[in-house]
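A quick write-up on the structure given underneath.
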2 protein chains.
Amino acid sequence: MTDPLTIYEKLQKVFWADVKSEENQVLLGQVYEASVRFLSRVQRTGLKSLVPDKEYFAFGAGKKLSRAVSGQLFVSDFGEWDALRRNAAANRSPDIDSERITRIIYSAAVSFFCFIDLTKEGDQKTPGTFFEYLIGCLFAARLGVNPTTKLPVLSLDAKATLPTDFIFDLGPNRAKYHVPIKVSTRERVIQVWAHQRVLNGVYGTGRFLGTPVILTETKTDKRKREVIEICLPDQWRIYQTHIAQLKRIYYLDVPARYAKLNEAFPPLSVKPFGRFFAEADTFSTRSSEKPESKSGSCAHAPAGGCG
Amino acid sequence: MTDPLTIYEKLQKVFWADVKSEENQVLLGQVYEASVRFLSRVQRTGLKSLVPDKEYFAFGAGKKLSRAVSGQLFVSDFGEWDALRRNAAANRSPDIDSERITRIIYSAAVSFFCFIDLTKEGDQKTPGTFFEYLIGCLFAARLGVNPTTKLPVLSLDAKATLPTDFIFDLGPNRAKYHVPIKVSTRERVIQVWAHQRVLNGVYGTGRFLGTPVILTETKTDKRKREVIEICLPDQWRIYQTHIAQLKRIYYLDVPARYAKLNEAFPPLSVKPFGRFFAEADTFSTRSSEKPESKSGSCAHAPAGGCG
């Protein structure tokens, strides 16, 4: 049986050659399959969920316990990956419903993370990079364009490039996507808004749609076997009002307290990532026809005059 | 002989009762003294500095090696702490020169950090908190006011408080200081500008002077015994132009490449922290009489209209 890590290492070698490629998609599915096969031989331990209406369990037992896995979202049938590939990883609206898409992508990520949790010690980097590959590839396949991670910055004195999260450029007169990809954010989330602010300042407000994709905000107390979600909704509202406007915040496992921000001021749209595959076309069309005033109140100021 | 950690724990208990107090100042000096006494029995190992015109060494030998210590800045004469206290930790311009102040504060911080490096495994939190105590106490003593770490945010729907770095409020019609305190920043530095942007948005541009205090940006390759400085000057210039304006960026060990930003556009003033003690009065007076236009180009916009 193949080790998930061996396939992951193969993916690392080829990933950037063509991010949206079938080869990447197939390798991602193979990591999912190998991880699920590994986990099928591991015990599941129920966790006490302190999040209303959500259930969590962990893989493993005794001292080695994986991170929390959502009972509602986790799908161990890795055959689902092919359904996703056939129906969602193409430059058009998908033929399967968005909840199913969310569950498949969640499971592909979390199964590999749990494999790492149980076989490695304190490795944060591998899950983080795998999650970038997973989301980056599917985002690229849906839009039909590969991402870049640096942009030129116009300066009167010197040439500079700005290292960025994933940027997807749909071409002239169309919106560009700014896609930070994070396993979880906690207090580091302010960086996402700050990077959006820099893009607004350098290229003009409304040019880049900020659509971060985050896995979850759960935290597990392994001794007590309890799961909580760490959320800072009041701070998010302050950032959305005073730093920059994000178009969407996508989660695979949407935190309960962030879901409520959809109903409050300022407009903050927190959605399951599966929705992106259906709504992607509406964004790019709309933003080229009619720049939305709510995406930034500094449109009247000269570029860069708002810092 | 007293263990530095025992004194540190005593400081933890009393610190917040009166940040600028003589008791805190004395305890900080005792940590410095106990750390230097510990280090006096430890071997020094020369490091290869890849930073022009700077020399570094480390304490310890073999597998246990401390972080890099600046040969030019480190003072093992802990009697210097009393000179600092008598002459700089008061609400007036100091009677000793700023280079000497910088060296004493640098040495108090680094001696305790090296003690932790040699006696603990992977403890980042204790050095970070001690550095906040050290800088927070001296900043407070110099200004004659204690800091707060949260601010009320006016919102039409809900009451919220904003957790902040150290804020020093000099009173009505005077500037307030926003003082993030970091051992090093690396790529997390964007948070400092983002927090300043939030303060500008919530309270109006120019109300808070952003003056972060950072120890160093050195990084040591322990295998090769080489020291480098990790600097991102082009990104700093983009942040200062497009996110918010910081008034000063103080370092104890000023990185060579950041020092050069003093001569470039946009205005970015990077100085040794010792300078603060002499120039503190000029800030608060000036900013109450004449708001500086360069501290933000959005002063014409209504508060909060610039996010």
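Each chain in the structure tokens gets a letter, A, B, ..., in the order shown, and its residues are numbered from 1; ligands are numbered from 1 in order too.
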Between stretch 219-261 of chain A and stretch 186-198 of chain A, at 8 Å or less, what are the per-residue closest atom pairs and their distances in Å? Count only C-alpha atoms, order by chain and rising residue number, and return it as CSV.
```
residue,atom,partner,partner_atom,distance
A:Ile230,CA,A:Arg186,CA,6.6
A:Cys231,CA,A:Arg186,CA,7.1
A:Leu232,CA,A:Arg186,CA,7.8
A:Tyr239,CA,A:Trp193,CA,6.7
A:Gln240,CA,A:Trp193,CA,7.4
A:Ile243,CA,A:Trp193,CA,6.2
A:Ala244,CA,A:Arg197,CA,5.2
A:Gln245,CA,A:Trp193,CA,7.4
A:Leu246,CA,A:Trp193,CA,7.2
```
Please identify the alpha helix (DSSP H) residues within stretch 147-217 of chain B (assignment by DSSP from backbone atoms) and present them as a list in words.
Ile190, Gln191, Val192, Trp193, Ala194, His195, Gln196, Arg197, Val198, Leu199, Asn200, Gly201, Val202 and Tyr203 of chain B
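Excluding stretch 255-265 of chain A itself and same-chain residues fewer than 5 positions from it, the residues having an atom within 9 Å of it are A:Val51, A:Pro52, A:Asp53, A:Lys54, A:Thr216, A:Glu217, A:Thr218, A:Glu229, A:Ile230, A:Cys231, A:Leu232, A:Pro233, A:Trp236, A:Arg237, A:Val270, A:Lys271, B:Asp157, counting only C-alpha atoms.
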Have a look at B:Arg225, B:His242, B:Arg85, B:Arg103 and name the one nearest to B:Lys63; count only C-alpha atoms.
B:Arg225
Mind pulling up the distance from atom CA of B:Arg44 to atom CA of B:Tyr56?
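Going from atom CA of B:Tyr56 over to atom CA of B:Arg44, I get 10.3 Å.
Near A:Glu33, within 10 Å and counting only C-alpha atoms, sit Thr2, Pro4, Leu27, Leu28, Gly29, Gln30, Val31, Ser35, Val36, Arg37, Phe38, Leu39, Ser76, Asp77, Phe78, Gly79, Trp81, Ala108, Ser111 and Phe112 of chain A, not including residues fewer than 2 positions from it in the same chain.
Using only C-alpha atoms for every distance, the candidate list B:Ala83, B:Leu209, B:Ile249, B:Leu199 yields B:Leu199 as the residue closest to chain A.
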According to DSSP computed on the backbone, where in stretch 189-259 of chain A is there strand (DSSP E or B)? Give the residues as a PyMOL selection string.
chain A and resi 208-210+213-214+218-221+226-229+249-251
Requested write-out: N, CA and C atoms of the selected residues, as an mmCIF file, in the first residue's frame:
```
data_model
loop_
_atom_site.group_PDB
_atom_site.id
_atom_site.type_symbol
_atom_site.label_atom_id
_atom_site.label_comp_id
_atom_site.auth_asym_id
_atom_site.auth_seq_id
_atom_site.Cartn_x
_atom_site.Cartn_y
_atom_site.Cartn_z
ATOM 1 N N PHE A 208 -9.185 43.680 -6.959
ATOM 2 C CA PHE A 208 -8.991 42.327 -6.432
ATOM 3 C C PHE A 208 -10.136 41.955 -5.493
ATOM 4 N N LEU A 209 -10.730 40.807 -5.747
ATOM 5 C CA LEU A 209 -11.747 40.288 -4.840
ATOM 6 C C LEU A 209 -11.046 39.428 -3.791
ATOM 7 N N GLY A 210 -11.145 39.820 -2.541
ATOM 8 C CA GLY A 210 -10.535 39.036 -1.468
ATOM 9 C C GLY A 210 -11.448 37.885 -1.077
ATOM 10 N N VAL A 213 -9.782 31.240 1.848
ATOM 11 C CA VAL A 213 -10.351 29.905 2.063
ATOM 12 C C VAL A 213 -9.677 29.313 3.302
ATOM 13 N N ILE A 214 -10.481 28.983 4.304
ATOM 14 C CA ILE A 214 -9.960 28.512 5.589
ATOM 15 C C ILE A 214 -10.623 27.175 5.916
ATOM 16 N N THR A 218 -11.551 25.134 14.781
ATOM 17 C CA THR A 218 -11.674 24.288 15.967
ATOM 18 C C THR A 218 -10.350 24.193 16.717
ATOM 19 N N LYS A 219 -10.469 24.006 18.027
ATOM 20 C CA LYS A 219 -9.290 23.724 18.853
ATOM 21 C C LYS A 219 -9.665 22.606 19.819
ATOM 22 N N THR A 220 -8.796 21.617 19.928
ATOM 23 C CA THR A 220 -9.097 20.454 20.760
ATOM 24 C C THR A 220 -8.254 20.470 22.023
ATOM 25 N N ASP A 221 -8.909 20.323 23.158
ATOM 26 C CA ASP A 221 -8.193 20.089 24.415
ATOM 27 C C ASP A 221 -8.039 18.581 24.542
ATOM 28 N N GLU A 226 -12.171 17.806 24.587
ATOM 29 C CA GLU A 226 -13.212 18.775 24.267
ATOM 30 C C GLU A 226 -12.822 19.604 23.040
ATOM 31 N N VAL A 227 -13.836 19.941 22.239
ATOM 32 C CA VAL A 227 -13.602 20.755 21.041
ATOM 33 C C VAL A 227 -14.310 22.099 21.183
ATOM 34 N N ILE A 228 -13.572 23.163 20.940
ATOM 35 C CA ILE A 228 -14.179 24.500 20.894
ATOM 36 C C ILE A 228 -13.828 25.151 19.555
ATOM 37 N N GLU A 229 -14.517 26.247 19.240
ATOM 38 C CA GLU A 229 -14.145 27.065 18.089
ATOM 39 C C GLU A 229 -13.645 28.406 18.604
ATOM 40 N N ILE A 249 -15.643 35.117 2.795
ATOM 41 C CA ILE A 249 -14.716 34.319 3.592
ATOM 42 C C ILE A 249 -15.245 32.902 3.542
ATOM 43 N N TYR A 250 -14.503 32.035 2.847
ATOM 44 C CA TYR A 250 -14.943 30.654 2.672
ATOM 45 C C TYR A 250 -14.333 29.761 3.743
ATOM 46 N N TYR A 251 -15.151 28.898 4.291
ATOM 47 C CA TYR A 251 -14.676 27.864 5.213
ATOM 48 C C TYR A 251 -15.092 26.497 4.694
#
```
Per-residue nearest contacts of stretch 208-299 of chain B to stretch 132-149 of chain B (9 Å; only C-alpha atoms) as a Markdown table:
```
| residue | atom | partner | partner_atom | distance |
| --- | --- | --- | --- | --- |
| B:Val213 | CA | B:Ile135 | CA | 7.6 |
| B:Phe276 | CA | B:Phe139 | CA | 8.7 |
| B:Phe277 | CA | B:Arg142 | CA | 6.7 |
| B:Ala280 | CA | B:Leu143 | CA | 7.7 |
| B:Asp281 | CA | B:Leu143 | CA | 8.4 |
```
Filtering to N, CA, C and O atoms, could you give me those residues as a short mmCIF file (atom, residue, chain, number, x, y, z; two decimals), in the first residue's frame?
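out.cif, written as the output of this step:
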```cif
data_model
loop_
_atom_site.label_atom_id
_atom_site.label_comp_id
_atom_site.auth_asym_id
_atom_site.auth_seq_id
_atom_site.Cartn_x
_atom_site.Cartn_y
_atom_site.Cartn_z
N VAL B 213 8.53 48.87 19.22
CA VAL B 213 9.87 48.65 19.75
C VAL B 213 10.23 47.18 19.53
O VAL B 213 9.53 46.29 20.01
N PHE B 276 14.52 57.40 21.91
CA PHE B 276 13.17 57.74 22.36
C PHE B 276 13.19 58.59 23.62
O PHE B 276 12.40 59.53 23.78
N PHE B 277 14.11 58.28 24.53
CA PHE B 277 14.10 58.94 25.84
C PHE B 277 14.37 60.43 25.71
O PHE B 277 13.87 61.23 26.50
N ALA B 280 11.08 61.96 23.20
CA ALA B 280 9.69 61.73 23.58
C ALA B 280 8.92 63.04 23.75
O ALA B 280 7.78 63.16 23.29
N ASP B 281 9.52 64.03 24.38
CA ASP B 281 8.80 65.28 24.63
C ASP B 281 8.46 66.03 23.35
O ASP B 281 7.41 66.64 23.23
#
```
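Residues in contact with B:Asn87 at up to 10 Å, not including ones fewer than 6 positions away on its chain and judged by only C-alpha atoms, are Trp81, Ser93, Pro94, Asp95, Ile96, Asp97, Ile101 and Phe277 of chain B.
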Atomic distance atom CA of A:Asp82 - atom CA of A:Thr119, expressed in Å with one decimal:
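Those two atoms sit 26.8 Å apart.
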Could you check which of A:Phe57, A:Phe74, A:Tyr203, A:Phe273 is closest to chain B, using only C-alpha atoms?
A:Tyr203
